[in-house]
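Structure first, commentary second.
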Amino acid sequence: MSTQVQSPHRHAPDWIILTIACLAQFMVVLDVSIVNVALPRMGHDLHFSVSSAQWVINAYVLTFAGFLLLGGRAADIFGRRRVYMTGLAIFTIASIGAGFAATGPQMVAIRAVQGIGGAILSPATLTIIVTTFQGPRMPKAIGAWSAVAGAGGAVGGLLGGILTGWVSWRWVFFINVPIGIVAAIVAAMYLREMRNRDAAVKLDITGAVLVTGSLASFIYGVVNTTSRGWGSSFTLSWFLAGAIALVVFLFWESKVASHPLVPFRIFKSRALTSANIVMFLVGGAFFAMWYFLTYYFQLILHYGPVKAGFAFLPMAIGIIAGAQISSRIMAKTGGRPLLLVGGSIATLGFFWISMIKVDSSYWGSVLAPGFLCAFAMGLVFSPLANTATAGVDRADAGLASGVLNTARQVGGSLALAILATVAADRSATFANPASALALVSGYQRTFQVSALITLLALAVSFFVPRVSNHAPKH
């Protein structure tokens, strides 16, 4: 049995602790999507090509996904307050650097550092929740956290459009600074320390580097298939490098590491394993949706950045509504029914939105299916978070949250790379691949594939066990 150590910090009301967690999580998730609307102008100023611009997103997501498990374990070992403040500092300082970036390589490098800061910070936010709220309060707290996390993805498009159109694309990064300062001040005043006293103070840096390198190799190979081809020696070499790094990672974790990044014992929990598979699938589909809709709004419907940003507002509302409904009824229904309903709605929404055409209107072809997809996202995130942490020892709360967040980010980064390739391959079948007709055909195909992905997630949801809504075990 593990023991928890708390610092002699003042007791704070629950809403303040929840605000501390949600503020930081909002900032981290916001940064995944806020750059989408800004990419065209950012690419022009920093001399990005169309294909290289996506690395502004991928550099962040890759390091975020690869180091999330390390961040989750750090919260257990060093304490939630210390890790929260460290991650917040790295993330905020990197945001300043990204806002002042003068070249494309600088931007990509700084975004990678920002992703590491997010990977340290994000699991600490969920650890704060699961170690603070117990009993019937926990589903509501996770529901609020999920709503903020989900809304960050949708609001990113809105806020990114407003800042890019009215001020400058550089403010999509500078906006993190005041949020980070407020979160740091409140956390310093009210957040009590809590850590696992029995944990060995050692982090598996090698494991984090191996898994990040494996992901980066796979995705780099996928991204370049549009110009090199799937069977080219270049592509196969990167796939091979990724496979080797993955095998070495698995060997290192199971046989060599004294304190592994991923103790495989945690996957004995059927609830955790199944929740992560569903999160991997739905996270991939939803993550890619923002990206392709952004380009559809600006390249096909000819929206400016501000108008494109406001087009995401109904989706932000949909996520919040879904998360609130989910958190309020989860105690009565359990998680699995919500996953089944959410998966069904998402599949319908993606299939519907795949019918967009060159002459479609936002009000007639995007608003309703986009809202359905976003509502489904909010509906499933809360039960997935609750399922993944239910029954897990409280000392492993950071690890469980890190694994769940990693599944979402890995799914998102892989889906973006693969679906971007699917779209490009589809567009390449036209005489003019850059024509509106060719581009829309590519978007249609990506949404069709996304519908298949969420349908698969729906099938996996049938195997998610019923769990009670309680805090992790002591």
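Letters for chains follow the order of the structure tokens (A, B, ...), residue numbers begin at 1 for each chain, and ligand numbers begin at 1 in the order shown.
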
Subject >> Surrounding residues of A:Leu338 excluding itself and chain neighbours under 6 positions, 8 Å, only C-alpha atoms, as an MDAnalysis selection string >> reply: chainID A and resid 326 330 379:380 383

Subject >> Contacts of stretch 11-20 of chain A within 8 Å, only C-alpha atoms, excl. fewer than 6 positions in-chain, as a PyMOL selection string >> reply: chain A and resi 125+128-129+141+145+183+186-187+190-192

Could you turn the residues from that selection into a file that holds N, CA and C atoms, as a PDB file, in the first residue's frame?
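Written out: selection.pdb:
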```pdb
ATOM      1  N   THR A 125      -2.714  17.815 -14.094  1.00  0.00           N
ATOM      2  CA  THR A 125      -4.047  18.380 -13.872  1.00  0.00           C
ATOM      3  C   THR A 125      -5.061  17.305 -13.501  1.00  0.00           C
ATOM      4  N   ILE A 128      -4.376  16.029  -9.996  1.00  0.00           N
ATOM      5  CA  ILE A 128      -4.933  16.946  -8.994  1.00  0.00           C
ATOM      6  C   ILE A 128      -6.397  16.624  -8.739  1.00  0.00           C
ATOM      7  N   ILE A 129      -7.140  16.327  -9.794  1.00  0.00           N
ATOM      8  CA  ILE A 129      -8.568  16.044  -9.650  1.00  0.00           C
ATOM      9  C   ILE A 129      -8.812  14.724  -8.933  1.00  0.00           C
ATOM     10  N   ALA A 141     -16.338  16.484 -11.261  1.00  0.00           N
ATOM     11  CA  ALA A 141     -15.061  17.168 -11.449  1.00  0.00           C
ATOM     12  C   ALA A 141     -14.410  16.735 -12.763  1.00  0.00           C
ATOM     13  N   TRP A 145     -13.502  18.952 -16.094  1.00  0.00           N
ATOM     14  CA  TRP A 145     -12.163  18.868 -16.697  1.00  0.00           C
ATOM     15  C   TRP A 145     -12.259  18.430 -18.156  1.00  0.00           C
ATOM     16  N   ALA A 183      -2.605  31.099 -13.610  1.00  0.00           N
ATOM     17  CA  ALA A 183      -2.631  29.732 -13.090  1.00  0.00           C
ATOM     18  C   ALA A 183      -1.502  29.516 -12.088  1.00  0.00           C
ATOM     19  N   VAL A 186      -2.362  31.364  -8.673  1.00  0.00           N
ATOM     20  CA  VAL A 186      -3.407  30.671  -7.907  1.00  0.00           C
ATOM     21  C   VAL A 186      -2.879  29.357  -7.341  1.00  0.00           C
ATOM     22  N   ALA A 187      -2.097  28.622  -8.146  1.00  0.00           N
ATOM     23  CA  ALA A 187      -1.546  27.351  -7.669  1.00  0.00           C
ATOM     24  C   ALA A 187      -0.570  27.578  -6.517  1.00  0.00           C
ATOM     25  N   TYR A 190      -2.798  28.278  -3.365  1.00  0.00           N
ATOM     26  CA  TYR A 190      -3.809  27.363  -2.833  1.00  0.00           C
ATOM     27  C   TYR A 190      -3.549  25.865  -3.017  1.00  0.00           C
ATOM     28  N   LEU A 191      -2.687  25.482  -3.949  1.00  0.00           N
ATOM     29  CA  LEU A 191      -2.543  24.050  -4.242  1.00  0.00           C
ATOM     30  C   LEU A 191      -1.597  23.388  -3.256  1.00  0.00           C
ATOM     31  N   ARG A 192      -2.113  22.423  -2.502  1.00  0.00           N
ATOM     32  CA  ARG A 192      -1.287  21.684  -1.561  1.00  0.00           C
ATOM     33  C   ARG A 192      -0.516  20.583  -2.277  1.00  0.00           C
TER      34      ARG A 192
END
```

Which stretch 335-396 of chain A residues have any atom within 8 Å of an atom of stretch 446-456 of chain A, and for each, what is the nearest pair of atoms with distance in Å to one decimal, counting only C-alpha atoms, rows sorted by chain and number, as CSV?
```
residue,atom,partner,partner_atom,distance
A:Gly343,CA,A:Thr454,CA,6.0
A:Ser344,CA,A:Leu455,CA,7.2
A:Ala346,CA,A:Thr454,CA,6.4
A:Thr347,CA,A:Ala451,CA,4.7
A:Leu348,CA,A:Ala451,CA,7.3
A:Gly349,CA,A:Ala451,CA,7.8
A:Phe350,CA,A:Ala451,CA,4.9
A:Phe351,CA,A:Ala451,CA,5.5
A:Ile353,CA,A:Phe447,CA,6.8
A:Ser354,CA,A:Phe447,CA,5.0
```

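For the set A:Val209, A:Ala420, A:Leu246, A:Ala321, the residue with the smallest atom-to-atom gap to A:Ala65 is A:Val209, counting only C-alpha atoms.
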
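Using only C-alpha atoms, the nearest neighbour of A:Tyr303 within the list A:Tyr362, A:Ile110, A:Leu439, A:Ile120 is A:Tyr362.
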
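Minimum distance to A:Arg265 across A:Asp393, A:Ile277, A:Gln54, A:Ala423 (counting only C-alpha atoms) occurs at A:Asp393.
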
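Counting from atom CA of A:Asn386, the distance to atom CA of A:Gly335 is 7.7 Å.
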
Subject >> Residues near stretch 304-306 of chain A, cut-off 8 Å, only C-alpha atoms, skip fewer than 6 positions along chain, as a ChimeraX atom specification >> reply: /A:37-38,158,160-166,298

Export of prior selection with C-alpha atoms as a PDB file, in the first residue's frame:
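Result file result19.pdb:
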```
ATOM      1  CA  VAL A  37      -6.438  28.907 -38.556  1.00  0.00           C
ATOM      2  CA  ALA A  38      -3.144  30.800 -38.275  1.00  0.00           C
ATOM      3  CA  LEU A 158     -12.349  30.471 -32.800  1.00  0.00           C
ATOM      4  CA  GLY A 160      -6.966  31.518 -33.343  1.00  0.00           C
ATOM      5  CA  GLY A 161      -9.090  33.111 -36.050  1.00  0.00           C
ATOM      6  CA  ILE A 162      -9.840  36.210 -33.989  1.00  0.00           C
ATOM      7  CA  LEU A 163      -6.218  36.737 -32.952  1.00  0.00           C
ATOM      8  CA  THR A 164      -4.845  36.097 -36.452  1.00  0.00           C
ATOM      9  CA  GLY A 165      -7.384  38.323 -38.170  1.00  0.00           C
ATOM     10  CA  TRP A 166      -7.481  41.203 -35.702  1.00  0.00           C
ATOM     11  CA  GLN A 298     -10.606  29.076 -45.822  1.00  0.00           C
TER      12      GLN A 298
END
```

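What separates atom CA of A:Trp290 from atom CA of A:Ala368 is a distance of 15.0 Å.
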
**OP:** Enumerate as a ChimeraX atom specification all residues of stretch 33-238 of chain A assigned to helix (DSSP H, G or I) by DSSP on the backbone, naming them with the chain letters and numbers the document uses.
**Re:** /A:33,39-46,52-78,80-99,104-130,137-166,171-174,176-190,205-223,225-228,233-238

Subject >> Shell of 10 Å around A:Tyr295, only C-alpha atoms, local chain residues under 3 positions omitted, as a VMD selection string >> reply: chain A and resid 36 to 37 39 to 40 290 to 292 298 to 303 308 439 to 440 443

Original post:
Which residues come within 8 Å of A:Ile34, counting only C-alpha atoms, excluding same-chain residues fewer than 4 positions away, as a list of chain:residue names?
Top reply: A:Leu30, A:Ala38, A:Gly153, A:Val155, A:Gly156, A:Gly157, A:Leu158, A:Leu159, A:Gly160, A:Val172

Keeping only N, CA and C atoms, write the selected residues to a file as a PDB file, in the first residue's frame.
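Produced file selection_36.pdb, reproduced below:
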```pdb
ATOM      1  N   LEU A  30      -5.705  23.795 -25.885  1.00  0.00           N
ATOM      2  CA  LEU A  30      -5.913  24.917 -26.794  1.00  0.00           C
ATOM      3  C   LEU A  30      -4.786  25.016 -27.815  1.00  0.00           C
ATOM      4  N   ALA A  38      -4.269  29.885 -38.052  1.00  0.00           N
ATOM      5  CA  ALA A  38      -3.144  30.800 -38.275  1.00  0.00           C
ATOM      6  C   ALA A  38      -2.112  30.249 -39.257  1.00  0.00           C
ATOM      7  N   GLY A 153     -10.068  22.380 -27.629  1.00  0.00           N
ATOM      8  CA  GLY A 153      -9.833  22.020 -29.011  1.00  0.00           C
ATOM      9  C   GLY A 153     -10.692  22.811 -29.974  1.00  0.00           C
ATOM     10  N   VAL A 155     -12.503  25.769 -29.171  1.00  0.00           N
ATOM     11  CA  VAL A 155     -12.321  27.200 -28.984  1.00  0.00           C
ATOM     12  C   VAL A 155     -11.016  27.662 -29.627  1.00  0.00           C
ATOM     13  N   GLY A 156     -10.056  26.730 -29.761  1.00  0.00           N
ATOM     14  CA  GLY A 156      -8.795  27.077 -30.398  1.00  0.00           C
ATOM     15  C   GLY A 156      -9.003  27.638 -31.790  1.00  0.00           C
ATOM     16  N   GLY A 157      -9.904  27.030 -32.551  1.00  0.00           N
ATOM     17  CA  GLY A 157     -10.184  27.534 -33.888  1.00  0.00           C
ATOM     18  C   GLY A 157     -10.773  28.929 -33.847  1.00  0.00           C
ATOM     19  N   LEU A 158     -11.714  29.158 -32.941  1.00  0.00           N
ATOM     20  CA  LEU A 158     -12.349  30.471 -32.800  1.00  0.00           C
ATOM     21  C   LEU A 158     -11.342  31.522 -32.365  1.00  0.00           C
ATOM     22  N   LEU A 159     -10.613  31.242 -31.306  1.00  0.00           N
ATOM     23  CA  LEU A 159      -9.660  32.205 -30.767  1.00  0.00           C
ATOM     24  C   LEU A 159      -8.509  32.444 -31.734  1.00  0.00           C
ATOM     25  N   GLY A 160      -8.046  31.365 -32.378  1.00  0.00           N
ATOM     26  CA  GLY A 160      -6.966  31.518 -33.343  1.00  0.00           C
ATOM     27  C   GLY A 160      -7.366  32.404 -34.508  1.00  0.00           C
ATOM     28  N   VAL A 172      -1.405  33.868 -31.086  1.00  0.00           N
ATOM     29  CA  VAL A 172      -1.940  32.543 -30.746  1.00  0.00           C
ATOM     30  C   VAL A 172      -1.019  31.860 -29.738  1.00  0.00           C
TER      31      VAL A 172
END
```

Subject >> Near-A:Ser269 list (12 Å; only C-alpha atoms; drop same-chain fewer than 5 positions) as a PyMOL selection string >> reply: chain A and resi 264+274-276+387-393+400+464-465+467

Original post:
Any idea what the distance is between atom CA of A:Leu293 and atom CA of A:Val32?
Top reply: 14.6 Å

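Using only C-alpha atoms for every distance, the candidate list A:Ser33, A:Val61, A:Leu272, A:Ser95 yields A:Val61 as the residue closest to A:Leu215.
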
Original post:
Near stretch 232-244 of chain A, counting only C-alpha atoms, which residues have an atom at most 9 Å away, once you skip same-chain residues fewer than 4 positions from it, shown as a ChimeraX atom specification?
Top reply: /A:211,213-222,224-225,228,248-249

Just the selected residues (N, CA and C atoms), exported as a compact mmCIF listing (two decimals), in the first residue's frame, please.
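Generated file (out22.txt):
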```txt
# COMPACT_ATOMS: atom_id res chain seq x y z
N VAL A 211 10.19 6.00 -27.18
CA VAL A 211 8.81 6.00 -27.69
C VAL A 211 8.54 7.24 -28.53
N GLY A 213 10.87 8.84 -30.32
CA GLY A 213 11.58 8.60 -31.57
C GLY A 213 10.84 7.65 -32.48
N SER A 214 10.23 6.63 -31.89
CA SER A 214 9.46 5.67 -32.68
C SER A 214 8.27 6.36 -33.35
N LEU A 215 7.53 7.13 -32.57
CA LEU A 215 6.38 7.86 -33.13
C LEU A 215 6.80 8.82 -34.23
N ALA A 216 7.87 9.58 -33.96
CA ALA A 216 8.34 10.56 -34.94
C ALA A 216 8.74 9.89 -36.25
N SER A 217 9.41 8.74 -36.15
CA SER A 217 9.85 8.03 -37.36
C SER A 217 8.66 7.55 -38.18
N PHE A 218 7.69 6.94 -37.52
CA PHE A 218 6.50 6.47 -38.22
C PHE A 218 5.77 7.63 -38.92
N ILE A 219 5.57 8.71 -38.19
CA ILE A 219 4.80 9.82 -38.73
C ILE A 219 5.57 10.54 -39.83
N TYR A 220 6.88 10.68 -39.67
CA TYR A 220 7.67 11.31 -40.72
C TYR A 220 7.60 10.50 -42.01
N GLY A 221 7.62 9.17 -41.86
CA GLY A 221 7.48 8.32 -43.03
C GLY A 221 6.13 8.47 -43.69
N VAL A 222 5.07 8.52 -42.88
CA VAL A 222 3.72 8.66 -43.42
C VAL A 222 3.55 10.00 -44.13
N ASN A 224 5.62 11.84 -45.62
CA ASN A 224 6.36 11.95 -46.88
C ASN A 224 5.90 10.96 -47.95
N THR A 225 4.89 10.15 -47.65
CA THR A 225 4.41 9.21 -48.68
C THR A 225 3.76 9.92 -49.86
N ARG A 228 7.03 10.57 -51.83
CA ARG A 228 7.96 9.46 -51.99
C ARG A 228 7.28 8.14 -52.33
N VAL A 248 12.82 -1.87 -29.26
CA VAL A 248 13.80 -1.57 -28.21
C VAL A 248 13.10 -0.99 -26.99
N PHE A 249 12.10 -0.14 -27.23
CA PHE A 249 11.32 0.43 -26.13
C PHE A 249 10.64 -0.65 -25.31
```
